[in-house]
Amino acid sequence: MKETYRQYFPWITDLQIERLEKMAQIFRELNEKVNVVSRKDIDNIETNHILHSLAIAKYIKFTPGTVVIDLGTGGGLPGLPLAVMFPDVKFHLIDRIGKKVKVAEEIAGEIGLENVTFQHGDMGECKVMADFVVSRAVTDQPTLIKISKKNISKASHNALPNGLITLKGGDVKEELGKYASISEVVPVSSYFTEPYFQTKQIVYTPIGG
């Protein structure tokens, strides 16, 4: 995957590549004990999960000092790959399932990430104020907006206004409902050429300020 990462992210460092590759290795090891990725899909961890998470890094380059909450992170996706790519950004990873949070914590410790914090719980218990909430395959966009808007800061210092960025599959227009007119939907295939991404979308809804 080294060349794939370099192809899509020309600014990536050797340390970042090393951390992403080590992350994939640890995911494979830990997934034997805690099923954070479908066991039939674990062989595709680099493309279908880590690279997929990094689609957000193609969509927006977070400015240093940005705070991002990964809601329903599971074993650390998309938060951990994004934390590797943006070492000057703080990521707070939250999930209701404690054993999955422990997997994410272990991976972060093993690869030396210092810009991540973790919470076992739900969004209602989260006190962190963030510029963005990110999420991957958790629930529909309107529900995510409802439960996360209290955690979105009003002051914005990125190229996009503060809000929610999600990774989704298939047609999301119906799901967006009343938020369709203010949301942006970008095919992941506009960034990555692998067949897996043909049906994947990035959905952004501004909800701050």
# chains A, B, ... in the order shown; residues from 1 in each chain; ligands from 1
>>> select_by_dssp(residues="range 12-206 of chain A", states="strand (DSSP E)", output="count of residues only")
39
>>> residues_around(residues="Ile50 in chain A", least_positions_apart="5", cutoff="12 Å", atoms="only C-alpha atoms", output="PyMOL selection string")
chain A and resi 1+4-5+17+19-25+27+37+42-45+55-57+75-85+136
>>> closest_atom_pairs(of="range 28-127 of chain A", to="range 174-197 of chain A", cutoff="8 Å", atoms="only C-alpha atoms", output="Markdown table")
| residue | atom | partner | partner_atom | distance |
| --- | --- | --- | --- | --- |
| A:Asn48 | CA | A:Tyr196 | CA | 6.9 |
| A:His52 | CA | A:Phe197 | CA | 7.8 |
| A:Ala55 | CA | A:Val188 | CA | 6.5 |
| A:Lys58 | CA | A:Tyr191 | CA | 7.0 |
>>> residues_around(residues="range 64-66 of chain A", least_positions_apart="6", cutoff="8 Å", atoms="only C-alpha atoms", output="CSV table (one decimal) with N, CA and C atoms, in the first residue's frame")
chain,number,residue,atom,x,y,z
A,86,PHE,N,-3.2,13.9,10.2
A,86,PHE,CA,-3.3,15.3,10.7
A,86,PHE,C,-2.8,15.3,12.2
A,88,ASP,N,-1.5,17.6,13.9
A,88,ASP,CA,-1.7,18.8,14.6
A,88,ASP,C,-3.2,19.1,14.9
A,89,VAL,N,-4.0,18.0,14.7
A,89,VAL,CA,-5.4,18.1,14.9
A,89,VAL,C,-5.8,17.1,16.0
A,90,LYS,N,-6.7,17.5,16.9
A,90,LYS,CA,-7.1,16.7,18.0
A,90,LYS,C,-8.3,15.9,17.6
A,130,ALA,N,-16.3,20.5,19.3
A,130,ALA,CA,-15.5,20.2,18.1
A,130,ALA,C,-15.8,21.1,17.0
A,131,ASP,N,-14.9,21.2,16.0
A,131,ASP,CA,-15.2,21.9,14.7
A,131,ASP,C,-16.0,21.0,13.8
A,157,HIS,N,-12.6,27.9,11.6
A,157,HIS,CA,-11.3,28.3,11.1
A,157,HIS,C,-10.8,27.4,10.0
A,158,ASN,N,-11.7,26.6,9.4
A,158,ASN,CA,-11.3,25.8,8.3
A,158,ASN,C,-11.9,26.3,7.0
>>> atom_distance(atom1="CA of Ala137 in chain A", atom2="CA of Leu167 in chain A")
6.6 Å
>>> select_by_dssp(residues="range 60-154 of chain A", states="alpha helix (DSSP H)", output="ChimeraX atom specification")
/A:79-85,98-111,141-148
>>> closest_residue(among="A:Asn31, A:Asn162, A:Ser53, A:Thr139", to="Lys200 in chain A", atoms="only C-alpha atoms")
A:Ser53
